[in-house]
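So the structure is just underneath, and the comments pick up after that.
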Amino acid sequence: MTARAWTIIGCFAVLALLFMLPEVLRPYYLALVTKMLIFALFAMSLDLLLGYTGLASLGHAAYFGVAAYTIALLIVRAGVDSGLAFPVALVAAAATGALFAPLALRARGSYFLMITFALAQVVWSVAFGWRSLTNGDDGIPDVVRPDFGWSLDSTTSFYYFVLAIVGLATLLLVAIVGSPFGRALRGIRESESRMQALGYNVWRYQYVAFVLAAAFAGIAGALYAYYNRFVGPEYLYVVQSAEALIMVILGGAGTLIGPAIGAGLIVFLEDFVSSMTAHWVLVLGIIYVLVTLFAPRGLIGLVDQLRQRRVKP
Amino acid sequence: MTALAVENVSKNFGGVSALANISLNVSRGERRILLGPNGAGKTTLFHTISGAVTPSGGRITLFGIDITRLRPDRRARLGLARTFQITNLFPRLTVLDSMLLALGGASGHSLQLIGSPSGYRSEYDKAHQLLEQWDLVGTARRVVRTLSYGEQRQLEIALALAGQPRLLLLDEPTAGLSPAETRRVVSMVHALPRDMTILMIEHDMDVAFELADRIAVMHQGRLIAEGDQAAIRANKQVTDIYLGAD
Ligand SMILES: Nc1ncnc2c1ncn2[C@@H]1O[C@H](COP(=O)(O)OP(=O)(O)O)[C@@H](O)[C@H]1O
Ligand SMILES: [Mg+2]
C-alpha cells in the first residue's frame, strides 16, 4: 500500500479512537485529553510561523491570551452570550496579530524572537496591571461555557465540542499548508531572497501567515478559557509561549502532526510531573536541551531517520 | 530599444567603493557578457539591478521604467529574472515544488489560501514540461539539496526562466562545472528566444566570446572597456589586467 493510503487509514483510526474515548476514559483523563487537543491546536498555529515560514516567535501566548481574555471580559464584565463571545475573541486575536506583525516583521532571526517576546510582555503587563478590569493576577473566574441548546458543562459534551472545533481548525490548516500559499511559505523559509527574485512579495506572505497563526492561536485560547472557566495572566506569560515552542520543536517543526504530538506529550508530562514536583519549568528546559541534542528535527524527524535506516541496510 | 539602462550607478560598502559611476546600456535581444577579475563589482552590479542591494547613487531603468528604488519582487514582475553566483535554491523542497514556486511567482495568484491539487493540474503539467525541457524531469521528486552541484546550477537557470523573463541576469552560470556541463549550459543559452535580453557574468573566455554580442569589462568597481570581441581582444588595459591577474 502507498504511504498516502496508510496516512488516510491512520487518520480514520485516530478519529475513531477519539470518538470512542469518552466510553473508555475516566472524566479526569478525558479532561486531560481535551486540554491536549486545545494545545495541539495552539502548537500547530505556532508551527505555521516557525516550521512553515521560518519565523521563531517567543510571543505566541499573546494571541492565545487576548482571545481568552476577550471571552472572559465579554461574558463576565459585559454579559455577552458565551457563544457569541467566541467569534469576537477570534477577531480580537487576529487583530492583535495584524497590529503586531508589522513591528515584528521588521526583524529576522533572534531579533524577531525578541520583538515578539517584548510585544507579548506588553500584553501580559496590561492583563497583570489593570486590576480594575482584569483582577490582575487573581484572574477572572465564572467564565461560563456556551450553550447551543445542549449544555457543555459535562466533561463529555465539552470534549466533543472541543474535538469538533479543533478538528475543523486542523482541516483548515491542512488545506492552508497544502495550498500554493503554503508552498510559498515554505519557499520563504528556505530562501527569502530567492522568493523575492521570483516575484513574491515576501513581506505580505509573512504578514498573512502571522495573522493566520494569531487567529488559530486565538481559537485555542478561547477554548482554553471555556475549559478552565477562568482566565489569568499566566495565559499570556512567556512560559506559555516557550511551552508552545517546545511542543513544536519536540514533535517536529514543519509538519502539523509533529506539534500536535508534542503538545499531547507536554500536556501529559506537565500533569504527571506537577503531581511530584513544582519545578515544571526546569523539566521543560531539560526536555528542550535533550531534544536539541538528540532529535533536532523532533520526534517526527527521529521516526523518519529510523525508517530510512531500515530501508537502507 | 534599450532593455536595461544603468546610469552613473555607484555603491559603497562602508569605505569600500564596490561600484563607481557605472553606466551601461543593453539593448533588447542583446547578449552581453560582463568580464572582470574577482572583486571587480560584477555581482554587486547585478544586485543593484535586481534590487537585492540599493545603489548609493545613480539610476536604473528597465524597458524605460525607473526601477532604482523598486522592490525586487516588483522588478521580477516587470520581466527581470536572475540566477545567483552562490547557489540560492530551496534546499529542503523538491525540484517539482521549486518549479511550481517559480511558476507561481510569475503568475502571481498564489496568495490563495486554500487550494485543491486538481485545480492546479495545469500548473503541474507546465512544471513537468519545463523540467523536461531542462533535462531535470528525472529529479522532480528529489529534494534539492540531494542534487549534484551541476544539477543545482541547472535548476537555478531553469527557475529563472520559468516566468519567461524579458531580461535574464546570469551570475557565473558555468563556474565550477565540468567541461561537459559547461557545454550544456552554453547550448541552453543558445536555445533561448532571440528577443530575450541576457546579461551574463562569465569567467571562461571561450564561453564569453562564443555567446557575446558585446562585452563589458569591469575592474575595481569601474567599467574599463566595452565593445565587440575584436575590440576587447585588442584592448591593452584588458589584456594587462587579465595577464597581470593570472
Ligand atoms: N555586502 C557587502 N558588504 C561589504 N562589502 C561587499 C559586500 N558585497 C561585496 N562587497 C565588496 O565589494 C567588492 C565587489 O564584490 P563583488 O561585486 O562580489 O565582485 P565580483 O562579483 O566582481 O567578484 C568586493 O571588494 C567585495 O568585498
Ligand atoms: Mg561575483
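Residues are named by chain letter and number: chains run A, B, ... in the order of the C-alpha cells, numbers start at 1 in each chain, and ligands are numbered from 1 in the order shown.
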Note to self: Residues within 10 Å of Thr155 in chain A, please, as a ChimeraX atom specification. Count only C-alpha atoms; anything in the same chain fewer than 6 positions from it doesn't count.
What the structure shows: /A:22,26-31,34,161,227
Next item on the list: Could you please extract the residues within 10 Å of ligand 2, counting only C-alpha atoms and all ligand atoms, and hand them back as JSON, numbers by chain?
Entry: {"B": [36, 37, 38, 39, 40, 41, 42, 43, 44, 45, 46, 47, 84, 85, 86, 171, 172, 201, 202, 203]}
Prev. selection, C-alpha atoms, output as a short mmCIF file (atom, residue, chain, number, x, y, z; two decimals), in the first residue's frame:
```cif
data_model
loop_
_atom_site.label_atom_id
_atom_site.label_comp_id
_atom_site.auth_asym_id
_atom_site.auth_seq_id
_atom_site.Cartn_x
_atom_site.Cartn_y
_atom_site.Cartn_z
CA GLY B 36 36.33 41.25 -14.81
CA PRO B 37 38.58 39.82 -12.12
CA ASN B 38 37.29 38.73 -8.74
CA GLY B 39 36.12 41.64 -6.60
CA ALA B 40 35.58 43.89 -9.63
CA GLY B 41 31.98 44.57 -8.54
CA LYS B 42 30.13 42.44 -11.10
CA THR B 43 27.88 40.68 -8.58
CA THR B 44 27.21 43.95 -6.78
CA LEU B 45 26.10 45.45 -10.10
CA PHE B 46 23.70 42.50 -10.55
CA HIS B 47 22.40 43.07 -7.03
CA PHE B 84 22.83 33.77 -8.07
CA GLN B 85 26.59 33.21 -8.11
CA ILE B 86 26.29 31.31 -4.84
CA ASP B 171 25.89 35.27 -12.50
CA GLU B 172 28.73 32.90 -13.43
CA ILE B 201 28.89 37.32 -15.87
CA GLU B 202 31.39 34.80 -17.15
CA HIS B 203 34.97 33.91 -16.30
#
```
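Shortest atom-to-atom contact with chain B among A:Ile188, A:Ala225, A:Ile261, A:Leu50: A:Ile188, counting only C-alpha atoms.
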Can I get the residues of chain A within 6 Å of chain B, each with the closest pair of atoms and their distance in Å to one decimal, using only C-alpha atoms, sorted chain first then ascending number, as a tab-separated table?
```
residue	atom	partner	partner_atom	distance
A:Ala175	CA	B:Ile114	CA	5.5
A:Ile176	CA	B:Ile114	CA	5.2
A:Ser179	CA	B:Gly115	CA	4.4
A:Pro180	CA	B:Ser110	CA	5.2
A:Phe181	CA	B:Leu111	CA	5.3
A:Glu190	CA	B:Phe90	CA	5.1
A:Gln196	CA	B:Asp73	CA	4.8
A:Ala197	CA	B:Asp73	CA	5.8
A:Leu198	CA	B:Gly105	CA	5.3
A:Gly199	CA	B:Asp73	CA	3.9
A:Tyr200	CA	B:Asp73	CA	5.4
A:Asn201	CA	B:Asp73	CA	5.8
```
Check: Could you name the residues that touch Glu151 in chain B at 10 Å or less, counting only C-alpha atoms, but leaving out those on the same chain fewer than 5 positions away, as number ranges by chain?
Finding: B: 134-136, 139, 144, 146, 156, 177, 181
Include N, CA and C atoms and write out the residues we just selected as an mmCIF file, in the first residue's frame.
```cif
data_model
loop_
_atom_site.group_PDB
_atom_site.id
_atom_site.type_symbol
_atom_site.label_atom_id
_atom_site.label_comp_id
_atom_site.auth_asym_id
_atom_site.auth_seq_id
_atom_site.Cartn_x
_atom_site.Cartn_y
_atom_site.Cartn_z
ATOM 1 N N TRP B 134 14.616 21.140 -19.484
ATOM 2 C CA TRP B 134 15.958 21.364 -18.936
ATOM 3 C C TRP B 134 16.595 20.089 -18.414
ATOM 4 N N ASP B 135 16.069 18.937 -18.890
ATOM 5 C CA ASP B 135 16.682 17.655 -18.518
ATOM 6 C C ASP B 135 16.656 17.381 -17.027
ATOM 7 N N LEU B 136 15.646 17.900 -16.346
ATOM 8 C CA LEU B 136 15.605 17.729 -14.892
ATOM 9 C C LEU B 136 14.410 16.891 -14.459
ATOM 10 N N THR B 139 14.578 14.257 -11.824
ATOM 11 C CA THR B 139 14.861 14.658 -10.445
ATOM 12 C C THR B 139 13.642 15.284 -9.769
ATOM 13 N N VAL B 144 15.993 19.174 -3.216
ATOM 14 C CA VAL B 144 17.008 19.930 -3.943
ATOM 15 C C VAL B 144 18.420 19.719 -3.388
ATOM 16 N N THR B 146 19.810 17.223 -2.351
ATOM 17 C CA THR B 146 20.445 15.959 -2.720
ATOM 18 C C THR B 146 20.907 15.953 -4.180
ATOM 19 N N GLU B 156 18.947 26.355 -11.084
ATOM 20 C CA GLU B 156 18.977 27.814 -10.913
ATOM 21 C C GLU B 156 18.493 28.495 -12.191
ATOM 22 N N LEU B 177 31.640 24.058 -13.063
ATOM 23 C CA LEU B 177 31.057 22.959 -13.825
ATOM 24 C C LEU B 177 32.127 22.233 -14.630
ATOM 25 N N GLU B 181 29.317 19.789 -18.689
ATOM 26 C CA GLU B 181 28.214 20.556 -18.114
ATOM 27 C C GLU B 181 28.230 21.982 -18.646
#
```
Item checked: DSSP-assigned alpha helix (DSSP H) among range 1-232 of chain A, expressed as a PyMOL selection string -> chain A and resi 3-24+27-47+61-72+82-104+109-129+131-134+155-178+180-190+192-197+202-228
